[in-house]
Structure formats: structure tokens, C-alpha cells
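Chemist: This is the content of final04.pdb (PDB, N, CA and C atoms):
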```
ATOM      1  N   LEU W   1       0.857  -1.176   0.000
ATOM      2  CA  LEU W   1       0.000   0.000   0.000
ATOM      3  C   LEU W   1       0.897   1.230   0.000
ATOM      4  N   ALA W   2       0.724   2.077  -0.977
ATOM      5  CA  ALA W   2       1.555   3.277  -1.098
ATOM      6  C   ALA W   2       0.985   4.408  -0.262
ATOM      7  N   LEU W   3       1.863   5.277   0.187
ATOM      8  CA  LEU W   3       1.428   6.480   0.888
ATOM      9  C   LEU W   3       0.556   7.325  -0.019
ATOM     10  N   ALA W   4       0.980   7.455  -1.245
ATOM     11  CA  ALA W   4       0.238   8.195  -2.265
ATOM     12  C   ALA W   4       0.429   7.460  -3.583
ATOM     13  N   PRO W   5      -0.558   7.494  -4.458
ATOM     14  CA  PRO W   5      -0.410   6.796  -5.740
ATOM     15  C   PRO W   5       0.827   7.282  -6.497
ATOM     16  N   GLY W   6       1.608   6.338  -6.992
ATOM     17  CA  GLY W   6       2.794   6.672  -7.761
ATOM     18  C   GLY W   6       4.050   6.886  -6.944
ATOM     19  N   VAL W   7       3.949   6.833  -5.625
ATOM     20  CA  VAL W   7       5.123   7.019  -4.771
ATOM     21  C   VAL W   7       5.671   5.639  -4.416
ATOM     22  N   SER W   8       6.903   5.384  -4.827
ATOM     23  CA  SER W   8       7.476   4.067  -4.570
ATOM     24  C   SER W   8       8.034   3.976  -3.157
ATOM     25  N   ARG W   9       8.094   2.753  -2.658
ATOM     26  CA  ARG W   9       8.654   2.506  -1.332
ATOM     27  C   ARG W   9      10.122   2.911  -1.304
ATOM     28  N   SER W  10      10.870   2.503  -2.307
ATOM     29  CA  SER W  10      12.295   2.836  -2.310
ATOM     30  C   SER W  10      12.514   4.333  -2.502
ATOM     31  N   GLY W  11      11.701   4.959  -3.323
ATOM     32  CA  GLY W  11      11.837   6.405  -3.521
ATOM     33  C   GLY W  11      11.534   7.199  -2.271
ATOM     34  N   SER W  12      10.508   6.788  -1.549
ATOM     35  CA  SER W  12      10.148   7.533  -0.337
ATOM     36  C   SER W  12      11.167   7.320   0.781
ATOM     37  N   THR W  13      11.694   6.102   0.924
ATOM     38  CA  THR W  13      12.699   5.883   1.967
ATOM     39  C   THR W  13      14.031   6.527   1.593
ATOM     40  N   LEU W  14      14.366   6.538   0.312
ATOM     41  CA  LEU W  14      15.578   7.217  -0.144
ATOM     42  C   LEU W  14      15.478   8.713   0.131
ATOM     43  N   THR W  15      14.340   9.302  -0.191
ATOM     44  CA  THR W  15      14.133  10.732   0.051
ATOM     45  C   THR W  15      14.202  11.050   1.539
ATOM     46  N   ALA W  16      13.569  10.220   2.363
ATOM     47  CA  ALA W  16      13.588  10.458   3.812
ATOM     48  C   ALA W  16      15.015  10.392   4.353
ATOM     49  N   ALA W  17      15.784   9.413   3.904
ATOM     50  CA  ALA W  17      17.169   9.292   4.370
ATOM     51  C   ALA W  17      18.001  10.495   3.925
ATOM     52  N   LEU W  18      17.792  10.960   2.701
ATOM     53  CA  LEU W  18      18.526  12.139   2.227
ATOM     54  C   LEU W  18      18.150  13.375   3.036
ATOM     55  N   LEU W  19      16.871  13.511   3.364
ATOM     56  CA  LEU W  19      16.433  14.652   4.170
ATOM     57  C   LEU W  19      17.013  14.603   5.582
ATOM     58  N   MET W  20      17.347  13.398   6.045
ATOM     59  CA  MET W  20      17.960  13.247   7.367
ATOM     60  C   MET W  20      19.473  13.462   7.326
ATOM     61  N   GLY W  21      20.012  13.752   6.142
ATOM     62  CA  GLY W  21      21.431  14.043   6.033
ATOM     63  C   GLY W  21      22.316  12.878   5.629
ATOM     64  N   TRP W  22      21.735  11.759   5.251
ATOM     65  CA  TRP W  22      22.529  10.610   4.833
ATOM     66  C   TRP W  22      23.224  10.915   3.505
ATOM     67  N   GLN W  23      24.320  10.222   3.244
ATOM     68  CA  GLN W  23      24.970  10.305   1.939
ATOM     69  C   GLN W  23      24.125   9.544   0.926
ATOM     70  N   ARG W  24      24.203   9.949  -0.340
ATOM     71  CA  ARG W  24      23.340   9.370  -1.380
ATOM     72  C   ARG W  24      23.462   7.854  -1.478
ATOM     73  N   VAL W  25      24.674   7.335  -1.539
ATOM     74  CA  VAL W  25      24.863   5.892  -1.717
ATOM     75  C   VAL W  25      24.364   5.127  -0.498
ATOM     76  N   ALA W  26      24.638   5.622   0.699
ATOM     77  CA  ALA W  26      24.162   4.954   1.921
ATOM     78  C   ALA W  26      22.640   4.965   1.972
ATOM     79  N   ALA W  27      22.031   6.072   1.578
ATOM     80  CA  ALA W  27      20.568   6.167   1.568
ATOM     81  C   ALA W  27      19.972   5.175   0.576
ATOM     82  N   ALA W  28      20.590   5.037  -0.587
ATOM     83  CA  ALA W  28      20.087   4.101  -1.595
ATOM     84  C   ALA W  28      20.233   2.658  -1.120
ATOM     85  N   ARG W  29      21.386   2.319  -0.548
ATOM     86  CA  ARG W  29      21.577   0.954  -0.028
ATOM     87  C   ARG W  29      20.529   0.625   1.042
ATOM     88  N   PHE W  30      20.345   1.546   1.968
ATOM     89  CA  PHE W  30      19.360   1.360   3.031
ATOM     90  C   PHE W  30      17.966   1.169   2.441
ATOM     91  N   SER W  31      17.622   1.985   1.477
ATOM     92  CA  SER W  31      16.305   1.923   0.861
ATOM     93  C   SER W  31      16.060   0.569   0.199
ATOM     94  N   PHE W  32      17.048   0.079  -0.538
ATOM     95  CA  PHE W  32      16.879  -1.210  -1.202
ATOM     96  C   PHE W  32      16.880  -2.360  -0.206
ATOM     97  N   LEU W  33      17.679  -2.267   0.849
ATOM     98  CA  LEU W  33      17.675  -3.318   1.874
ATOM     99  C   LEU W  33      16.329  -3.404   2.583
ATOM    100  N   LEU W  34      15.672  -2.263   2.780
ATOM    101  CA  LEU W  34      14.353  -2.275   3.420
ATOM    102  C   LEU W  34      13.318  -3.028   2.588
ATOM    103  N   GLY W  35      13.507  -3.076   1.285
ATOM    104  CA  GLY W  35      12.544  -3.743   0.418
ATOM    105  C   GLY W  35      12.667  -5.252   0.386
ATOM    106  N   ILE W  36      13.790  -5.786   0.840
ATOM    107  CA  ILE W  36      14.024  -7.227   0.735
ATOM    108  C   ILE W  36      12.947  -8.062   1.430
ATOM    109  N   PRO W  37      12.555  -7.779   2.672
ATOM    110  CA  PRO W  37      11.525  -8.618   3.303
ATOM    111  C   PRO W  37      10.187  -8.603   2.554
ATOM    112  N   ALA W  38       9.733  -7.441   2.135
ATOM    113  CA  ALA W  38       8.441  -7.358   1.438
ATOM    114  C   ALA W  38       8.495  -8.080   0.098
ATOM    115  N   ILE W  39       9.568  -7.891  -0.638
ATOM    116  CA  ILE W  39       9.698  -8.532  -1.944
ATOM    117  C   ILE W  39       9.823 -10.046  -1.782
ATOM    118  N   THR W  40      10.575 -10.496  -0.787
ATOM    119  CA  THR W  40      10.737 -11.927  -0.542
ATOM    120  C   THR W  40       9.408 -12.577  -0.176
ATOM    121  N   MET W  41       8.669 -11.959   0.717
ATOM    122  CA  MET W  41       7.380 -12.533   1.129
ATOM    123  C   MET W  41       6.385 -12.559  -0.031
ATOM    124  N   ALA W  42       6.361 -11.510  -0.832
ATOM    125  CA  ALA W  42       5.461 -11.490  -1.990
ATOM    126  C   ALA W  42       5.841 -12.591  -2.977
ATOM    127  N   GLY W  43       7.133 -12.781  -3.189
ATOM    128  CA  GLY W  43       7.586 -13.835  -4.087
ATOM    129  C   GLY W  43       7.242 -15.220  -3.575
ATOM    130  N   LEU W  44       7.398 -15.438  -2.282
ATOM    131  CA  LEU W  44       7.047 -16.742  -1.706
ATOM    132  C   LEU W  44       5.551 -17.006  -1.794
ATOM    133  N   ALA W  45       4.740 -15.980  -1.603
ATOM    134  CA  ALA W  45       3.287 -16.141  -1.724
ATOM    135  C   ALA W  45       2.912 -16.506  -3.157
ATOM    136  N   GLU W  46       3.543 -15.854  -4.132
ATOM    137  CA  GLU W  46       3.275 -16.172  -5.537
ATOM    138  C   GLU W  46       3.739 -17.586  -5.876
ATOM    139  N   LEU W  47       4.883 -17.987  -5.341
ATOM    140  CA  LEU W  47       5.396 -19.331  -5.587
ATOM    141  C   LEU W  47       4.445 -20.375  -5.022
ATOM    142  N   LYS W  48       3.950 -20.159  -3.810
ATOM    143  CA  LYS W  48       2.999 -21.090  -3.200
ATOM    144  C   LYS W  48       1.747 -21.208  -4.058
ATOM    145  N   GLU W  49       1.248 -20.070  -4.543
ATOM    146  CA  GLU W  49       0.045 -20.093  -5.382
ATOM    147  C   GLU W  49       0.308 -20.818  -6.699
ATOM    148  N   ALA W  50       1.476 -20.619  -7.284
ATOM    149  CA  ALA W  50       1.803 -21.268  -8.551
ATOM    150  C   ALA W  50       1.925 -22.778  -8.391
ATOM    151  N   ILE W  51       2.463 -23.209  -7.262
ATOM    152  CA  ILE W  51       2.627 -24.641  -7.028
ATOM    153  C   ILE W  51       1.285 -25.309  -6.771
ATOM    154  N   THR W  52       0.402 -24.644  -6.041
ATOM    155  CA  THR W  52      -0.878 -25.256  -5.672
ATOM    156  C   THR W  52      -1.964 -25.062  -6.718
ATOM    157  N   SER W  53      -1.762 -24.208  -7.696
ATOM    158  CA  SER W  53      -2.777 -23.960  -8.718
ATOM    159  C   SER W  53      -2.263 -24.423 -10.080
ATOM    160  N   PRO W  54      -2.699 -25.602 -10.530
ATOM    161  CA  PRO W  54      -2.195 -26.127 -11.803
ATOM    162  C   PRO W  54      -2.591 -25.262 -13.006
ATOM    163  N   SER W  55      -3.618 -24.460 -12.883
ATOM    164  CA  SER W  55      -4.045 -23.635 -14.013
ATOM    165  C   SER W  55      -3.042 -22.524 -14.328
ATOM    166  N   LEU W  56      -2.145 -22.221 -13.412
ATOM    167  CA  LEU W  56      -1.158 -21.169 -13.643
ATOM    168  C   LEU W  56       0.094 -21.687 -14.344
ATOM    169  N   GLY W  57       0.161 -22.973 -14.632
ATOM    170  CA  GLY W  57       1.304 -23.518 -15.349
ATOM    171  C   GLY W  57       2.425 -24.016 -14.468
ATOM    172  N   GLY W  58       2.210 -24.084 -13.174
ATOM    173  CA  GLY W  58       3.226 -24.588 -12.269
ATOM    174  C   GLY W  58       4.252 -23.543 -11.890
ATOM    175  N   ALA W  59       5.307 -24.020 -11.280
ATOM    176  CA  ALA W  59       6.312 -23.121 -10.723
ATOM    177  C   ALA W  59       7.377 -22.701 -11.731
ATOM    178  N   LEU W  60       7.550 -23.442 -12.830
ATOM    179  CA  LEU W  60       8.634 -23.127 -13.759
ATOM    180  C   LEU W  60       8.538 -21.718 -14.343
ATOM    181  N   PRO W  61       7.391 -21.293 -14.880
ATOM    182  CA  PRO W  61       7.329 -19.914 -15.396
ATOM    183  C   PRO W  61       7.617 -18.871 -14.315
ATOM    184  N   LEU W  62       7.153 -19.133 -13.104
ATOM    185  CA  LEU W  62       7.403 -18.201 -12.013
ATOM    186  C   LEU W  62       8.890 -18.156 -11.659
ATOM    187  N   LEU W  63       9.536 -19.311 -11.647
ATOM    188  CA  LEU W  63      10.963 -19.348 -11.327
ATOM    189  C   LEU W  63      11.800 -18.653 -12.405
ATOM    190  N   VAL W  64      11.422 -18.831 -13.674
ATOM    191  CA  VAL W  64      12.124 -18.134 -14.755
ATOM    192  C   VAL W  64      11.941 -16.628 -14.594
ATOM    193  N   GLY W  65      10.725 -16.205 -14.290
ATOM    194  CA  GLY W  65      10.461 -14.787 -14.054
ATOM    195  C   GLY W  65      11.219 -14.268 -12.850
ATOM    196  N   LEU W  66      11.276 -15.070 -11.799
ATOM    197  CA  LEU W  66      11.994 -14.674 -10.592
ATOM    198  C   LEU W  66      13.476 -14.471 -10.869
ATOM    199  N   LEU W  67      14.069 -15.405 -11.594
ATOM    200  CA  LEU W  67      15.498 -15.289 -11.902
ATOM    201  C   LEU W  67      15.787 -14.098 -12.806
ATOM    202  N   SER W  68      14.945 -13.882 -13.817
ATOM    203  CA  SER W  68      15.183 -12.737 -14.700
ATOM    204  C   SER W  68      14.945 -11.422 -13.965
ATOM    205  N   ALA W  69      13.954 -11.377 -13.080
ATOM    206  CA  ALA W  69      13.710 -10.163 -12.289
ATOM    207  C   ALA W  69      14.855  -9.911 -11.316
ATOM    208  N   ALA W  70      15.374 -10.967 -10.707
ATOM    209  CA  ALA W  70      16.492 -10.811  -9.772
ATOM    210  C   ALA W  70      17.725 -10.281 -10.496
ATOM    211  N   LEU W  71      18.012 -10.825 -11.668
ATOM    212  CA  LEU W  71      19.175 -10.376 -12.431
ATOM    213  C   LEU W  71      19.019  -8.922 -12.877
ATOM    214  N   SER W  72      17.864  -8.583 -13.430
ATOM    215  CA  SER W  72      17.674  -7.204 -13.892
ATOM    216  C   SER W  72      17.656  -6.231 -12.716
ATOM    217  N   SER W  73      17.106  -6.642 -11.582
ATOM    218  CA  SER W  73      17.119  -5.786 -10.391
ATOM    219  C   SER W  73      18.536  -5.561  -9.897
ATOM    220  N   TRP W  74      19.314  -6.619  -9.846
ATOM    221  CA  TRP W  74      20.698  -6.505  -9.396
ATOM    222  C   TRP W  74      21.485  -5.562 -10.298
ATOM    223  N   LEU W  75      21.307  -5.698 -11.616
ATOM    224  CA  LEU W  75      22.009  -4.816 -12.554
ATOM    225  C   LEU W  75      21.564  -3.365 -12.389
ATOM    226  N   ALA W  76      20.265  -3.142 -12.225
ATOM    227  CA  ALA W  76      19.751  -1.778 -12.063
ATOM    228  C   ALA W  76      20.249  -1.144 -10.764
ATOM    229  N   ILE W  77      20.251  -1.912  -9.685
ATOM    230  CA  ILE W  77      20.718  -1.382  -8.398
ATOM    231  C   ILE W  77      22.215  -1.084  -8.461
ATOM    232  N   ALA W  78      22.985  -1.987  -9.072
ATOM    233  CA  ALA W  78      24.428  -1.753  -9.207
ATOM    234  C   ALA W  78      24.684  -0.478 -10.006
ATOM    235  N   TRP W  79      23.944  -0.286 -11.100
ATOM    236  CA  TRP W  79      24.102   0.932 -11.902
ATOM    237  C   TRP W  79      23.738   2.165 -11.085
ATOM    238  N   LEU W  80      22.610   2.109 -10.371
ATOM    239  CA  LEU W  80      22.165   3.270  -9.600
ATOM    240  C   LEU W  80      23.171   3.640  -8.510
ATOM    241  N   LEU W  81      23.717   2.655  -7.826
ATOM    242  CA  LEU W  81      24.698   2.952  -6.778
ATOM    243  C   LEU W  81      25.953   3.605  -7.359
ATOM    244  N   ARG W  82      26.392   3.140  -8.537
ATOM    245  CA  ARG W  82      27.531   3.792  -9.196
ATOM    246  C   ARG W  82      27.162   5.209  -9.632
ATOM    247  N   PHE W  83      25.953   5.389 -10.164
ATOM    248  CA  PHE W  83      25.489   6.707 -10.607
ATOM    249  C   PHE W  83      25.457   7.685  -9.440
ATOM    250  N   LEU W  84      24.941   7.240  -8.299
ATOM    251  CA  LEU W  84      24.787   8.124  -7.145
ATOM    252  C   LEU W  84      26.117   8.504  -6.495
ATOM    253  N   GLN W  85      27.174   7.775  -6.794
ATOM    254  CA  GLN W  85      28.485   8.162  -6.274
ATOM    255  C   GLN W  85      28.941   9.490  -6.871
ATOM    256  N   GLN W  86      28.499   9.792  -8.082
ATOM    257  CA  GLN W  86      28.948  10.995  -8.779
ATOM    258  C   GLN W  86      27.846  12.017  -9.037
ATOM    259  N   HIS W  87      26.583  11.607  -8.952
ATOM    260  CA  HIS W  87      25.483  12.473  -9.360
ATOM    261  C   HIS W  87      24.424  12.589  -8.266
ATOM    262  N   SER W  88      23.634  13.628  -8.376
ATOM    263  CA  SER W  88      22.530  13.878  -7.451
ATOM    264  C   SER W  88      21.294  13.096  -7.898
ATOM    265  N   THR W  89      20.296  13.079  -7.049
ATOM    266  CA  THR W  89      19.018  12.449  -7.402
ATOM    267  C   THR W  89      18.094  13.420  -8.138
ATOM    268  N   TRP W  90      18.545  14.647  -8.360
ATOM    269  CA  TRP W  90      17.685  15.649  -8.996
ATOM    270  C   TRP W  90      17.226  15.254 -10.391
ATOM    271  N   VAL W  91      18.027  14.502 -11.117
ATOM    272  CA  VAL W  91      17.608  14.083 -12.450
ATOM    273  C   VAL W  91      16.327  13.244 -12.358
ATOM    274  N   PHE W  92      16.193  12.442 -11.317
ATOM    275  CA  PHE W  92      14.997  11.622 -11.137
ATOM    276  C   PHE W  92      13.808  12.470 -10.701
ATOM    277  N   VAL W  93      14.066  13.486  -9.879
ATOM    278  CA  VAL W  93      13.004  14.406  -9.458
ATOM    279  C   VAL W  93      12.455  15.140 -10.675
ATOM    280  N   LEU W  94      13.347  15.667 -11.503
ATOM    281  CA  LEU W  94      12.916  16.395 -12.697
ATOM    282  C   LEU W  94      12.166  15.485 -13.668
ATOM    283  N   TYR W  95      12.643  14.251 -13.821
ATOM    284  CA  TYR W  95      11.946  13.285 -14.673
ATOM    285  C   TYR W  95      10.527  13.046 -14.175
ATOM    286  N   ARG W  96      10.377  12.808 -12.869
ATOM    287  CA  ARG W  96       9.046  12.545 -12.300
ATOM    288  C   ARG W  96       8.118  13.735 -12.486
ATOM    289  N   LEU W  97       8.636  14.933 -12.253
ATOM    290  CA  LEU W  97       7.811  16.130 -12.425
ATOM    291  C   LEU W  97       7.402  16.305 -13.883
ATOM    292  N   GLY W  98       8.350  16.152 -14.794
ATOM    293  CA  GLY W  98       8.044  16.290 -16.218
ATOM    294  C   GLY W  98       7.061  15.245 -16.698
ATOM    295  N   PHE W  99       7.265  14.013 -16.275
ATOM    296  CA  PHE W  99       6.363  12.936 -16.682
ATOM    297  C   PHE W  99       4.973  13.140 -16.087
ATOM    298  N   GLY W 100       4.917  13.622 -14.852
ATOM    299  CA  GLY W 100       3.628  13.909 -14.224
ATOM    300  C   GLY W 100       2.865  14.987 -14.970
ATOM    301  N   VAL W 101       3.564  16.046 -15.376
ATOM    302  CA  VAL W 101       2.921  17.112 -16.154
ATOM    303  C   VAL W 101       2.424  16.558 -17.483
ATOM    304  N   LEU W 102       3.235  15.740 -18.143
ATOM    305  CA  LEU W 102       2.825  15.128 -19.409
ATOM    306  C   LEU W 102       1.569  14.278 -19.229
ATOM    307  N   LEU W 103       1.519  13.470 -18.182
ATOM    308  CA  LEU W 103       0.335  12.643 -17.931
ATOM    309  C   LEU W 103      -0.899  13.493 -17.664
ATOM    310  N   LEU W 104      -0.728  14.577 -16.918
ATOM    311  CA  LEU W 104      -1.856  15.482 -16.678
ATOM    312  C   LEU W 104      -2.354  16.098 -17.979
ATOM    313  N   LEU W 105      -1.442  16.525 -18.834
ATOM    314  CA  LEU W 105      -1.837  17.111 -20.114
ATOM    315  C   LEU W 105      -2.562  16.100 -20.992
ATOM    316  N   VAL W 106      -2.073  14.883 -21.024
ATOM    317  CA  VAL W 106      -2.717  13.836 -21.819
ATOM    318  C   VAL W 106      -4.100  13.519 -21.267
ATOM    319  N   SER W 107      -4.224  13.442 -19.944
ATOM    320  CA  SER W 107      -5.527  13.106 -19.360
ATOM    321  C   SER W 107      -6.527  14.245 -19.534
ATOM    322  N   VAL W 108      -6.079  15.482 -19.481
ATOM    323  CA  VAL W 108      -6.978  16.626 -19.677
ATOM    324  C   VAL W 108      -7.360  16.746 -21.146
ATOM    325  N   GLY W 109      -6.413  16.435 -22.035
ATOM    326  CA  GLY W 109      -6.666  16.540 -23.470
ATOM    327  C   GLY W 109      -7.647  15.503 -23.976
ATOM    328  N   GLY W 110      -7.767  14.400 -23.283
ATOM    329  CA  GLY W 110      -8.692  13.342 -23.693
ATOM    330  C   GLY W 110      -8.220  12.650 -24.953
ATOM    331  N   SER W 111      -9.104  11.854 -25.532
ATOM    332  CA  SER W 111      -8.751  11.089 -26.725
ATOM    333  C   SER W 111      -9.039  11.859 -28.003
ATOM    334  N   GLY W 112      -9.788  12.941 -27.914
ATOM    335  CA  GLY W 112     -10.074  13.742 -29.100
ATOM    336  C   GLY W 112     -11.100  13.107 -30.017
ATOM    337  N   GLY W 113     -11.722  12.023 -29.599
ATOM    338  CA  GLY W 113     -12.638  11.290 -30.465
ATOM    339  C   GLY W 113     -14.005  11.665 -30.235
TER     340      GLY W 113
END
```
What would you get if you wrote out this structure as C-alpha cells?
Modeler:
Amino acid sequence: LALAPGVSRSGSTLTAALLMGWQRVAAARFSFLLGIPAITMAGLAELKEAITSPSLGGALPLLVGLLSAALSSWLAIAWLLRFLQQHSTWVFVLYRLGFGVLLLLVSVGGSGG
């Protein structure tokens, strides 16, 4: 459950740590470590459901998805930690603001049909 729609758990904990004076890389590590229990429990719940429900195709598709998600997550986190050693988080703030404005404009503009 998010505090507000569109606010990620890692983004909010990273922001809170930065506001408390933490260094960028330490704040990011802390933020990602906080997510491990929730992500692990959600994955185990999905695995249990896949094993007990034959209509979902069993555990193999879930395990393939789990491994690919773990690999892509690890690569993304490694990149972000290297990025934060040299750069601020402002690029992400500006991206979110710009994308939010774009979504508002699209939703106000409607489909035009």
C-alpha cells in the first residue's frame, strides 16, 4: 500500500534518508535493503500459489520470471549505486515532475474522439 499513488517505497525511503542528512549511496543501499523482506514474502506467496494452482502452469514460469527479475534488479541497483556516487538524485526528481505534467496534459486533453 503506497502512501500516495505513484510514490514508490524505495523512492520515499531514499528521500527520507537524504532529508535526514545521509549520503546518497548509503541512503540508496538502506532503501533497497528495506525492500528485501516485502519482496521476498510477496515472491514466496506467488510461488505457493503457482505450485498449488495447476491452471497457472506450475512453478517453472514463475521461477524463470523470478530469476530474470532478480538479475535485472541486481544490474539496475548496481548501476544506480555507481550513478549516485557521482550524481545527485535531482535528475529523477525532474523526470518525475516532467512525466507527471505530461500525464496530466494527456488526461486533460482526452482522446479527441
Chemist: What separation in Å, quoted to one decimal, exists between CA of Leu47 in chain W and CA of Ser73 in chain W?
Modeler: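 Computed distance, CA of Leu47 in chain W to CA of Ser73 in chain W, equals 18.5 Å.
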Chemist: Between CA of Ala76 in chain W and atom C of Pro61 in chain W, what is the spacing in Å?
Modeler: 21.1 Å
Chemist: How would you write, as a PyMOL selection string, the set of residues in range 16-101 of chain W that DSSP gives as alpha helix (DSSP H)?
Modeler: chain W and resi 16-19+24-52+59-86+90-101
Chemist: Name the residues in contact with Gly11 in chain W at a cut-off of 12 Å, using only C-alpha atoms, excluding same-chain residues fewer than 6 positions from it; report them as a PyMOL selection string.
Modeler: chain W and resi 2-4+17-18+27-32+34-35+89+92-93+96
Chemist: Would you compute the distance between CA of Met41 in chain W and atom C of Leu71 in chain W? Give it in Å to one decimal.
Modeler: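 Value for the CA of Met41 in chain W-atom C of Leu71 in chain W distance: 18.6 Å.
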Chemist: Hey, can I get the axis-aligned box for range 69-76 of chain W? All listed atoms, 4 Å padding on each side, centre and edge lengths in Å to one decimal, as lines of an AutoDock Vina configuration file.
Modeler:
```
center_x = 17.9
center_y = -6.3
center_z = -11.6
size_x = 16.3
size_y = 18.2
size_z = 12.5
```
Chemist: In terms of the shortest atom-to-atom distance over only N, CA and C atoms, which of W:Val25, W:Leu66, W:Ile39, W:Gly109 is closest to Phe83 in chain W?
Modeler: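 Answer, going by the shortest atom-to-atom distance: W:Val25.
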Chemist: So, with only C-alpha atoms as the atoms that count, which of W:Ser10, W:Gly65, W:Arg24, W:Ala50 lies closest to Trp90 in chain W?
Modeler: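 Smallest distance to Trp90 in chain W is found for W:Arg24.
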